[in-house]
Amino acid sequence: MTAIQSGLLDQAIIDDRRARIVPKLQAILSSDQLKVTQEDLAPFETDGLAPYRRMPMVVALPTDKAQVIAIMKACQSEDIPVVTRGAGTGLSGGAMPHEGGVLLSMTKMNAIQNIDPDARIITVQPGIRNAAVTQAVAPYGLYYAPDPSSQIACSIGGNIAENSGGVHCLKYGLTVHNVLQATVITIDGGELTLGGESLDAPGLDLMAALIGSEGMLGVVVEAKLKLLPIPQVTKVVSAAFDDLGTAGRAVGDIIAAGIIPAGLEMMDKLSLQAAENFLNAGYPTWAEALLLCEVDGTAEEVQEHIEDVTQVLKTAGAVEVKVARDDAERELFWKGRKSAFPAVGQISPDYYCMDGTIPRGELPEVLQKISDMQDKYGLQCANVFHAGDGNLHPLIMFDGNDPVQAEKAQQYGSEILTTCVEHGGTITGEHGVGVEKINEMCVQFPGEELTQFHALKRAFDAKELMNPGKAIPTLNRCAEFGHMHVHHGEMPHPELERF
Amino acid sequence: MGQDITQTLVEQIAQAHQEARPLAIHGGGTKGFLGHDLVGEVVDITGHQGIVNYQPVELVMTVRAGTPLAEVEAALAEKGQCLAFEPPSFGSAATIGGTIATGLSGPARPYTGSARDFMLGVRVINGQGQALRFGGEVMKNVAGYDVSRLMTASHGSLGLITEVSLKVLPVAKSVKTLATSASANEAIALFNRLAGQPLPISATAWAEGQAYIRLSGAASAVDAAAKQIGGELADNSVWASLKELTHNSVAEQSTLWRLSVPQTASLDLDCPLIEWGGGQRWYTGDAPEQELRAKVEAVGGHATLYRGQAERVFHPLNPAMSALHSRIKHSFDPKALFNVGRFHPEF
Ligand SMILES: Cc1cc2nc3c(=O)[nH]c(=O)nc-3n(C[C@H](O)[C@H](O)[C@H](O)COP(=O)(O)OP(=O)(O)OC[C@H]3O[C@@H](n4cnc5c(N)ncnc54)[C@H](O)[C@@H]3O)c2cc1C
């Protein structure tokens with residue numbers, strides 16, 4: 001899990017490519033928009049998944065669409081890979097640089113181009129921070145619903161590429177439900193408008209293909225986002241449980257009662273203790289699990305739902321149920337949850353965040369299995385999750401300076417993801433595959449699906465220059481990883497070399 | 001329950017692939033009008049039936065594509081749940097596969113979401129006769145490209161959908177419909193003004209001088225909003241007739257165009273029925289096709305023919321999109337077997 005040294009291109013090839021592309025980029029960009037020296041490149045070595053790092057060959061920072069088009073054309077003509085980078089908060093190494101490619105950083109393209117309060121649509125450049133969108137439209141009584149915990153830093157372009165979610169996606173959906181239109185530049189410099197301001201667009205739903213595509217199909221240079229009215233009233237209930245399984249079942253009980261909360265989050269003992277240490281949110285540190293359930297709507301509706309939820313939680317076995325007295329206390333409850341990652345970062349030198357998603361009903365059993373694995377790997381694991389969606393974020397704690405621990409952490413993570421797949425779930429709910437989970441993709445898709453994915457990608461990017469080596473493993477790689485599906489003793493693709 | 005004929009379907013498609021023979025996907029036949037004529041050997045999905053998994057607490061149903069939509073809706077209703085995108089059926093024979101393949105959504109569309117918004121997973125047989133599975137039964141899933149949603153509204157052009165997993169939602173505890181008299185423009189302005197406020201609006205429509213607003217949610221919320229918005233209480237049944245296009249404003253019209261436009265767009269065309277806060281307008285006049293399409297396109301929309309005569313059913317794609325569509329078609333169906341020319345003439 002450290003700098004990737006194996007399988008890198010020879011320095012001579014990198015030097016040749018750099019010599020070919022830099023003059024072309026110099027013709028497009030000003031000197032402060034182009035980074036070529038080791039010193040200038042170093043800050044771009046890694047995204048939010050720090051253990052995976054690589055020096056980019058060059059970094060380009062375009063300021064407008066025309067520059068993106070010109071850069072793409074130059075790269076296509078020189079057969080040079082392009083890795084798009086937003087804010088670099090991604091947790092799967094999706095924006096890890098390519099040692100022989102251009103890292104296209106979108107941070108300079110961060111303008112708001114238009115706000116249409118009547119149509120409830122904002123038009124932005126992709127580098128804008130998620131939180132800046134909501135801030136800009138607040139004066140109109142509107143907000144942008146997807147709110148990843150990283151919202152003060154992460155970009156809309158990155159959100160689109162990862163189909164990011166937040167604590168409110170149970171009710172308001174993921175990025176895929178909240179983006180109306182995207183302007184995309186493909187590797188040949190072509191411009192595509194996907195979606196539109198109408199509620200559907202002619203042809204195939206290519207917006208669906210784009211969202212969550214991890215920068216593999218093209219570069220988003222503009223997006224129109226759907227805005228929602230800020231709810232009149234928001235309230236949050238916190239429920240403490242003395243048993244993790246009971247808390248897991250309570251999640252199902254709330255849904256079964258016909259209530260779709262705005263957010264339904266859970267923290268286990270380790271993570272709530274870490275959070276309490278970090279900022280004194282008033283969490284009950286004795287509890288084995290804490291559920292946070294937020295309801296919003298009109299004053300009447302919220303009153304009705306809070307009563308219902310409180311009743312359901314008590315019946316489900318919550319030991320203590322607390323309704324936040326006011327907005328300040330509500331913010332505090334959430335702050336603890338939203339800072340769970342840094343809080344765990346404070347009690348452990350390193351942590352490894354997983355992102356498996358399972359059917360809600362499997363929560364108690366999978367949580368037990370994850371907990372049992374602690375002994376097997378000799379590492380502790382804190383759990384925070386978007387319980388309403390069954391999206392787990394186990395945080396495996398380890399010391400990165402200890403290679404044995406680092407290796408164990410990775411194996412632990414891999415076993416968690418395989419367990420999620422076995423329980424009818426997926427290896428990633430919102431962080432993406434990137435480079436990190438590329439092997440586990442072979443577990444999730446043991447059949448011909450991978451071939452279909454590659455074919456779909458080539459429809460956008462015939463030379464496979466966009467973010468190569470990410471998101472979708474090659475069949476060779478799966479064969480090497482040992483997870484090729486073997487049907488009646490016949491290996492698929494006998495033509496492939498095996499390792 | 002039901003019957004799984006995947007193997008038979010795979011064999012039929014694999015055979016057709018070998019012989020490069022075109023295939024025409026048939027479901028219940030209720031949406032035959034929505035697209036150009038099907039050519040080729042029939043692949044009949046109606047024999048592939050049954051609810052495979054339904055866990056009300058999970059808010060997910062997995063169902064074989066040939067299952068009648070009515071059966072799906074009845075099973076959900078029994079547990080107090082529904083397909084929140086309110087798909088029109090256009091006849092009792094409608095299948096869930098056809099519903100997803102056409103991607104049609106009903107009155108709740110702008111407020112609750114579209115068919116694709118509720119897609120979680122899909123099983124498809126591609127043009128090489130490979131049975132593939134994408135997505136799953138979980139709410140969040142970013143492993144691989146989102147083929148489930150790409151399949152929605154693809155009109156059978158990419159492959160045969162054999163099974164879908166859909167997110168389902170509880171039925172609202174209380175539903176009320178308000179009606180006030182208004183001109184079309186007044187109604188659109190009203191709908192959009194209200195949509196910017198936190199109100200439990202679940203549908204809006206204008207027809208015959210009446211603006212209709214539906215409120216859904218907790219009884220207390222619906223009652224409070226009804227008081228705030230004002231207007232007469234109307235019968236909830238109006239939404240079913242709008243959804244199925246049996247409402248008086250459009251039922252008997254021999255020409256019917258669906259115009260999908262930005263909700264606040266001002267459009268110089270007389271539309272007797274307006275839905276989706278202005279986002280879906282129905283045109284029954286006799287403007288020539290090219291002129292109509294140009295007008296709609298100028299405001300950022302597109303037009304689809306539901307009834308009558310025109311050169312094209314769906315709105316033409318621009319050259320770049322058309323080329324991309326052909327390449328995507330090729331990636332799923334390299335020998336161009338499925339529903340060729342039904343959706344767009346070029347693929
Ligand atoms: C503390 C912390 C908390 C987090 N919490 C959440 C959470 O609650 N929910 C959640 O979903 N995620 C969360 N994340 C993950 C991360 O913030 C999201 O994935 C985010 O969307 C990444 O955005 P970014 O701008 O940082 O993208 P980057 O990391 O820069 O890139 C991510 C991917 O997007 C692609 N990309 C970026 N911009 C573009 C563009 N313009 N066009 C095409 N492709 C592009 C890149 O190639 C890469 O594949 C968290 C991360 C951290 C560090």
# chains A, B, ... in the order shown; residues from 1 in each chain; ligands from 1
call {"tool": "residues_around", "arguments": {"residues": "range 326-331 of chain A", "least_positions_apart": "6", "cutoff": "9 Å", "atoms": "only C-alpha atoms", "output": "PDB file with all heavy atoms, in the first residue's frame"}}
result
ATOM      1  N   THR A 234     -36.258  20.740  10.268  1.00  0.00           N
ATOM      2  CA  THR A 234     -35.447  19.532  10.286  1.00  0.00           C
ATOM      3  C   THR A 234     -35.205  19.145  11.737  1.00  0.00           C
ATOM      4  O   THR A 234     -34.853  19.999  12.551  1.00  0.00           O
ATOM      5  CB  THR A 234     -34.097  19.790   9.600  1.00  0.00           C
ATOM      6  OG1 THR A 234     -34.354  20.303   8.296  1.00  0.00           O
ATOM      7  CG2 THR A 234     -33.291  18.516   9.475  1.00  0.00           C
ATOM      8  N   LYS A 235     -35.406  17.888  12.053  1.00  0.00           N
ATOM      9  CA  LYS A 235     -35.136  17.442  13.424  1.00  0.00           C
ATOM     10  C   LYS A 235     -34.366  16.137  13.385  1.00  0.00           C
ATOM     11  O   LYS A 235     -34.517  15.351  12.447  1.00  0.00           O
ATOM     12  CB  LYS A 235     -36.446  17.234  14.181  1.00  0.00           C
ATOM     13  CG  LYS A 235     -37.103  18.545  14.570  1.00  0.00           C
ATOM     14  CD  LYS A 235     -37.856  18.426  15.869  1.00  0.00           C
ATOM     15  CE  LYS A 235     -38.033  19.813  16.465  1.00  0.00           C
ATOM     16  NZ  LYS A 235     -39.191  19.930  17.307  1.00  0.00           N
ATOM     17  N   VAL A 236     -33.583  15.933  14.403  1.00  0.00           N
ATOM     18  CA  VAL A 236     -32.832  14.692  14.449  1.00  0.00           C
ATOM     19  C   VAL A 236     -33.033  14.001  15.795  1.00  0.00           C
ATOM     20  O   VAL A 236     -33.102  14.653  16.836  1.00  0.00           O
ATOM     21  CB  VAL A 236     -31.336  14.921  14.114  1.00  0.00           C
ATOM     22  CG1 VAL A 236     -30.672  15.786  15.148  1.00  0.00           C
ATOM     23  CG2 VAL A 236     -30.593  13.601  13.976  1.00  0.00           C
ATOM     24  N   VAL A 237     -33.167  12.686  15.715  1.00  0.00           N
ATOM     25  CA  VAL A 237     -33.298  11.859  16.903  1.00  0.00           C
ATOM     26  C   VAL A 237     -32.029  11.040  17.018  1.00  0.00           C
ATOM     27  O   VAL A 237     -31.550  10.499  16.019  1.00  0.00           O
ATOM     28  CB  VAL A 237     -34.467  10.851  16.748  1.00  0.00           C
ATOM     29  CG1 VAL A 237     -34.684  10.068  18.036  1.00  0.00           C
ATOM     30  CG2 VAL A 237     -35.724  11.559  16.330  1.00  0.00           C
ATOM     31  N   ALA A 281     -19.542  15.763  21.260  1.00  0.00           N
ATOM     32  CA  ALA A 281     -20.878  15.958  20.705  1.00  0.00           C
ATOM     33  C   ALA A 281     -21.957  15.544  21.701  1.00  0.00           C
ATOM     34  O   ALA A 281     -23.152  15.660  21.424  1.00  0.00           O
ATOM     35  CB  ALA A 281     -21.020  15.163  19.405  1.00  0.00           C
TER      36      ALA A 281
END
call {"tool": "interface_residues", "arguments": {"of": "chain B", "to": "chain A", "cutoff": "7 Å", "atoms": "only C-alpha atoms", "output": "JSON, numbers by chain"}}
result
{"B": [57, 58, 117, 132, 137, 138, 139, 140, 141, 142, 143, 144, 145, 146, 147, 149, 150, 153, 154, 170, 192, 193, 196, 197, 198, 218, 220, 221, 260, 261, 262, 263, 264, 279, 300, 301, 302, 315, 317, 324, 327, 328, 331, 332]}
call {"tool": "write_last_selection", "arguments": {"atoms": "C-alpha atoms", "output": "PDB file, in the first residue's frame"}}
result
ATOM      1  CA  VAL B  57     -38.339  -3.749   4.458  1.00  0.00           C
ATOM      2  CA  GLU B  58     -35.503  -3.503   1.916  1.00  0.00           C
ATOM      3  CA  ASP B 117     -34.081   6.869 -10.846  1.00  0.00           C
ATOM      4  CA  LEU B 132     -25.176 -10.424 -17.944  1.00  0.00           C
ATOM      5  CA  GLU B 137     -30.467  -4.988  -5.029  1.00  0.00           C
ATOM      6  CA  VAL B 138     -28.618  -2.407  -2.977  1.00  0.00           C
ATOM      7  CA  MET B 139     -29.385   1.305  -2.887  1.00  0.00           C
ATOM      8  CA  LYS B 140     -25.871   2.475  -3.710  1.00  0.00           C
ATOM      9  CA  ASN B 141     -23.553   0.809  -6.127  1.00  0.00           C
ATOM     10  CA  VAL B 142     -20.742   2.294  -8.157  1.00  0.00           C
ATOM     11  CA  ALA B 143     -18.959  -0.913  -9.139  1.00  0.00           C
ATOM     12  CA  GLY B 144     -18.675  -0.577 -12.919  1.00  0.00           C
ATOM     13  CA  TYR B 145     -20.671   1.629 -15.286  1.00  0.00           C
ATOM     14  CA  ASP B 146     -24.333   2.067 -14.470  1.00  0.00           C
ATOM     15  CA  VAL B 147     -25.702  -0.218 -17.156  1.00  0.00           C
ATOM     16  CA  ARG B 149     -29.926   2.955 -15.824  1.00  0.00           C
ATOM     17  CA  LEU B 150     -28.486   2.999 -19.330  1.00  0.00           C
ATOM     18  CA  ALA B 153     -35.592   3.854 -21.917  1.00  0.00           C
ATOM     19  CA  SER B 154     -33.230   2.232 -24.416  1.00  0.00           C
ATOM     20  CA  PRO B 170     -44.249   3.284   0.829  1.00  0.00           C
ATOM     21  CA  ASN B 192     -42.681  26.503 -10.485  1.00  0.00           C
ATOM     22  CA  ARG B 193     -43.146  29.062  -7.750  1.00  0.00           C
ATOM     23  CA  GLY B 196     -39.298  26.309  -4.954  1.00  0.00           C
ATOM     24  CA  GLN B 197     -41.017  26.060  -1.584  1.00  0.00           C
ATOM     25  CA  PRO B 198     -40.838  23.137   0.823  1.00  0.00           C
ATOM     26  CA  ALA B 218     -48.238  12.772   6.269  1.00  0.00           C
ATOM     27  CA  SER B 220     -50.897  16.827   8.836  1.00  0.00           C
ATOM     28  CA  ALA B 221     -48.484  18.068   6.168  1.00  0.00           C
ATOM     29  CA  SER B 260     -40.406  17.368 -23.149  1.00  0.00           C
ATOM     30  CA  VAL B 261     -39.164  20.877 -22.356  1.00  0.00           C
ATOM     31  CA  PRO B 262     -37.585  22.771 -19.451  1.00  0.00           C
ATOM     32  CA  GLN B 263     -40.362  23.346 -16.941  1.00  0.00           C
ATOM     33  CA  THR B 264     -40.293  27.132 -17.155  1.00  0.00           C
ATOM     34  CA  GLY B 279     -41.885  19.891 -18.278  1.00  0.00           C
ATOM     35  CA  GLY B 300     -33.931  22.970 -25.073  1.00  0.00           C
ATOM     36  CA  GLY B 301     -36.528  20.256 -25.465  1.00  0.00           C
ATOM     37  CA  HIS B 302     -37.499  17.388 -27.744  1.00  0.00           C
ATOM     38  CA  HIS B 315     -36.383  13.424 -31.887  1.00  0.00           C
ATOM     39  CA  LEU B 317     -29.895  13.138 -32.568  1.00  0.00           C
ATOM     40  CA  LEU B 324     -21.729   7.839 -30.310  1.00  0.00           C
ATOM     41  CA  ARG B 327     -20.847   2.916 -31.250  1.00  0.00           C
ATOM     42  CA  ILE B 328     -22.638   2.162 -27.975  1.00  0.00           C
ATOM     43  CA  SER B 331     -20.648  -2.424 -28.025  1.00  0.00           C
ATOM     44  CA  PHE B 332     -23.741  -4.263 -26.774  1.00  0.00           C
TER      45      PHE B 332
END
call {"tool": "atom_distance", "arguments": {"atom1": "CA of Gly127 in chain B", "atom2": "CA of His330 in chain B"}}
result
8.9 Å
call {"tool": "residues_around", "arguments": {"residues": "Ala66 in chain A", "least_positions_apart": "2", "cutoff": "10 Å", "atoms": "only C-alpha atoms", "output": "list of chain:residue names"}}
result
A:Ile28, A:Pro62, A:Thr63, A:Asp64, A:Val68, A:Ile69, A:Ala70, A:Ile71, A:Met72, A:Ile185, A:Gly189, A:Val221
call {"tool": "closest_residue", "arguments": {"among": "B:Leu158, B:Ala265, B:Ile25, B:Leu256", "to": "Gln309 in chain B", "atoms": "only C-alpha atoms"}}
result
B:Leu256
call {"tool": "residues_around", "arguments": {"residues": "Asp32 in chain A", "least_positions_apart": "2", "cutoff": "10 Å", "atoms": "only C-alpha atoms", "output": "compact mmCIF listing (two decimals) with C-alpha atoms, in the first residue's frame"}}
result
# COMPACT_ATOMS: atom_id res chain seq x y z
CA LEU A 29 -1.51 26.96 -21.48
CA SER A 30 0.30 29.76 -19.70
CA LEU A 34 1.60 23.75 -16.58
CA LYS A 35 3.71 21.84 -14.03
CA ALA A 60 -2.14 20.76 -16.72
CA LEU A 61 -4.53 23.24 -15.11
call {"tool": "residues_around", "arguments": {"residues": "His26 in chain B", "least_positions_apart": "5", "cutoff": "10 Å", "atoms": "only C-alpha atoms", "output": "MDAnalysis selection string"}}
result
chainID B and resid 31:32 38 41:46 66 95 97:98 156 160 339
call {"tool": "atom_distance", "arguments": {"atom1": "CA of Thr89 in chain A", "atom2": "CA of Val179 in chain A"}}
result
20.0 Å
call {"tool": "residues_near_ligand", "arguments": {"ligand": "ligand 1", "cutoff": "7 Å", "atoms": "only C-alpha atoms and all ligand atoms", "output": "number ranges by chain"}}
result
A: 47-48, 83-91, 94-95, 106, 126-127, 147-151, 153-167, 214-215, 218-221, 341-342, 430-431, 434, 467
call {"tool": "atom_distance", "arguments": {"atom1": "CA of His344 in chain B", "atom2": "CA of Pro316 in chain B"}}
result
7.4 Å
call {"tool": "select_by_dssp", "arguments": {"residues": "range 87-315 of chain B", "states": "alpha helix (DSSP H)", "output": "number ranges by chain"}}
result
B: 96-102, 109-112, 147-151, 184-195, 219-229, 238-243, 289-298
call {"tool": "residues_around", "arguments": {"residues": "Ser114 in chain B", "least_positions_apart": "2", "cutoff": "6 Å", "atoms": "only C-alpha atoms", "output": "MDAnalysis selection string"}}
result
chainID B and resid 85 105 109 116:117
call {"tool": "write_last_selection", "arguments": {"atoms": "all heavy atoms", "output": "tab-separated table (two decimals), in the first residue's frame"}}
result
chain	number	residue	atom	x	y	z
B	85	PHE	N	-42.54	6.06	-9.46
B	85	PHE	CA	-42.49	6.83	-10.71
B	85	PHE	C	-43.79	6.70	-11.49
B	85	PHE	O	-43.93	7.26	-12.57
B	85	PHE	CB	-41.28	6.45	-11.56
B	85	PHE	CG	-41.16	4.98	-11.90
B	85	PHE	CD1	-41.57	4.52	-13.15
B	85	PHE	CD2	-40.63	4.08	-11.00
B	85	PHE	CE1	-41.45	3.18	-13.50
B	85	PHE	CE2	-40.51	2.72	-11.34
B	85	PHE	CZ	-40.93	2.28	-12.59
B	105	SER	N	-42.61	7.50	-17.27
B	105	SER	CA	-42.94	7.83	-15.89
B	105	SER	C	-44.22	8.65	-15.87
B	105	SER	O	-44.55	9.31	-16.85
B	105	SER	CB	-41.81	8.64	-15.25
B	105	SER	OG	-40.59	7.97	-15.42
B	109	ARG	N	-43.28	12.29	-11.70
B	109	ARG	CA	-41.93	12.38	-12.26
B	109	ARG	C	-41.05	13.55	-11.75
B	109	ARG	O	-39.95	13.33	-11.26
B	109	ARG	CB	-42.02	12.39	-13.81
B	109	ARG	CG	-40.77	12.89	-14.52
B	109	ARG	CD	-39.61	11.93	-14.33
B	109	ARG	NE	-38.37	12.37	-14.89
B	109	ARG	CZ	-37.38	12.96	-14.22
B	109	ARG	NH1	-37.55	13.25	-12.95
B	109	ARG	NH2	-36.25	13.27	-14.81
B	116	ARG	N	-35.81	5.51	-14.41
B	116	ARG	CA	-34.36	5.23	-14.26
B	116	ARG	C	-33.87	5.54	-12.86
B	116	ARG	O	-32.94	4.92	-12.36
B	116	ARG	CB	-33.54	5.95	-15.33
B	116	ARG	CG	-33.49	7.45	-15.22
B	116	ARG	CD	-32.40	7.87	-14.30
B	116	ARG	NE	-31.26	8.41	-14.97
B	116	ARG	CZ	-30.52	9.41	-14.50
B	116	ARG	NH1	-30.84	9.98	-13.35
B	116	ARG	NH2	-29.48	9.82	-15.15
B	117	ASP	N	-34.51	6.52	-12.20
B	117	ASP	CA	-34.08	6.87	-10.85
B	117	ASP	C	-34.30	5.71	-9.87
B	117	ASP	O	-33.66	5.65	-8.83
B	117	ASP	CB	-34.85	8.10	-10.35
B	117	ASP	CG	-34.42	9.37	-11.06
B	117	ASP	OD1	-33.30	9.39	-11.61
B	117	ASP	OD2	-35.19	10.34	-11.06
call {"tool": "select_by_dssp", "arguments": {"residues": "range 120-246 of chain B", "states": "strand (DSSP E or B)", "output": "ChimeraX atom specification"}}
result
/B:120-125,131-135,160-167,169-170,174-181,201-207,210-217,232-234
call {"tool": "residues_around", "arguments": {"residues": "Asp350 in chain A", "least_positions_apart": "5", "cutoff": "7 Å", "atoms": "only C-alpha atoms", "output": "short mmCIF file (atom, residue, chain, number, x, y, z; two decimals) with N, CA and C atoms, in the first residue's frame"}}
result
data_model
loop_
_atom_site.label_atom_id
_atom_site.label_comp_id
_atom_site.auth_asym_id
_atom_site.auth_seq_id
_atom_site.Cartn_x
_atom_site.Cartn_y
_atom_site.Cartn_z
N GLY A 345 -8.86 9.05 12.67
CA GLY A 345 -7.49 9.40 12.30
C GLY A 345 -6.68 9.88 13.49
N MET A 397 -8.01 0.26 11.41
CA MET A 397 -6.94 1.08 11.97
C MET A 397 -5.62 0.31 11.94
N PHE A 398 -4.58 0.98 11.49
CA PHE A 398 -3.27 0.33 11.41
C PHE A 398 -2.17 1.38 11.42
N ASP A 399 -0.96 0.89 11.48
CA ASP A 399 0.19 1.79 11.45
C ASP A 399 0.92 1.58 10.12
N GLY A 400 0.83 2.57 9.27
CA GLY A 400 1.40 2.46 7.93
C GLY A 400 2.91 2.27 7.91
#
call {"tool": "decode", "arguments": {"residues": "range 312-329 of chain B", "atoms": "N, CA and C atoms", "output": "short mmCIF file (atom, residue, chain, number, x, y, z; two decimals), in the first residue's frame"}}
result
data_model
loop_
_atom_site.label_atom_id
_atom_site.label_comp_id
_atom_site.auth_asym_id
_atom_site.auth_seq_id
_atom_site.Cartn_x
_atom_site.Cartn_y
_atom_site.Cartn_z
N ARG B 312 -40.56 10.72 -38.19
CA ARG B 312 -39.84 10.10 -37.09
C ARG B 312 -40.69 10.11 -35.84
N VAL B 313 -40.54 9.08 -35.04
CA VAL B 313 -41.25 9.04 -33.76
C VAL B 313 -40.46 9.84 -32.72
N PHE B 314 -39.16 9.54 -32.64
CA PHE B 314 -38.32 10.21 -31.64
C PHE B 314 -37.55 11.36 -32.28
N HIS B 315 -37.10 12.25 -31.42
CA HIS B 315 -36.38 13.42 -31.89
C HIS B 315 -35.01 13.03 -32.43
N PRO B 316 -34.64 13.52 -33.61
CA PRO B 316 -33.33 13.14 -34.18
C PRO B 316 -32.17 13.58 -33.29
N LEU B 317 -31.10 12.82 -33.35
CA LEU B 317 -29.89 13.14 -32.57
C LEU B 317 -28.96 13.97 -33.42
N ASN B 318 -28.15 14.82 -32.78
CA ASN B 318 -27.18 15.57 -33.56
C ASN B 318 -26.08 14.61 -34.03
N PRO B 319 -25.27 15.02 -35.02
CA PRO B 319 -24.32 14.07 -35.63
C PRO B 319 -23.36 13.42 -34.62
N ALA B 320 -22.85 14.21 -33.67
CA ALA B 320 -21.89 13.63 -32.71
C ALA B 320 -22.59 12.59 -31.84
N MET B 321 -23.80 12.92 -31.36
CA MET B 321 -24.53 11.98 -30.51
C MET B 321 -24.94 10.75 -31.31
N SER B 322 -25.32 10.97 -32.55
CA SER B 322 -25.74 9.86 -33.38
C SER B 322 -24.60 8.86 -33.57
N ALA B 323 -23.41 9.39 -33.83
CA ALA B 323 -22.24 8.51 -34.01
C ALA B 323 -21.93 7.76 -32.72
N LEU B 324 -22.00 8.47 -31.60
CA LEU B 324 -21.73 7.84 -30.31
C LEU B 324 -22.76 6.74 -30.02
N HIS B 325 -24.02 7.04 -30.31
CA HIS B 325 -25.07 6.04 -30.09
C HIS B 325 -24.81 4.77 -30.90
N SER B 326 -24.38 4.97 -32.14
CA SER B 326 -24.12 3.80 -32.97
C SER B 326 -22.98 2.97 -32.39
N ARG B 327 -21.97 3.66 -31.84
CA ARG B 327 -20.85 2.92 -31.25
C ARG B 327 -21.29 2.18 -29.98
N ILE B 328 -22.16 2.82 -29.20
CA ILE B 328 -22.64 2.16 -27.98
C ILE B 328 -23.49 0.95 -28.35
N LYS B 329 -24.36 1.14 -29.33
CA LYS B 329 -25.17 0.03 -29.83
C LYS B 329 -24.25 -1.13 -30.21
#
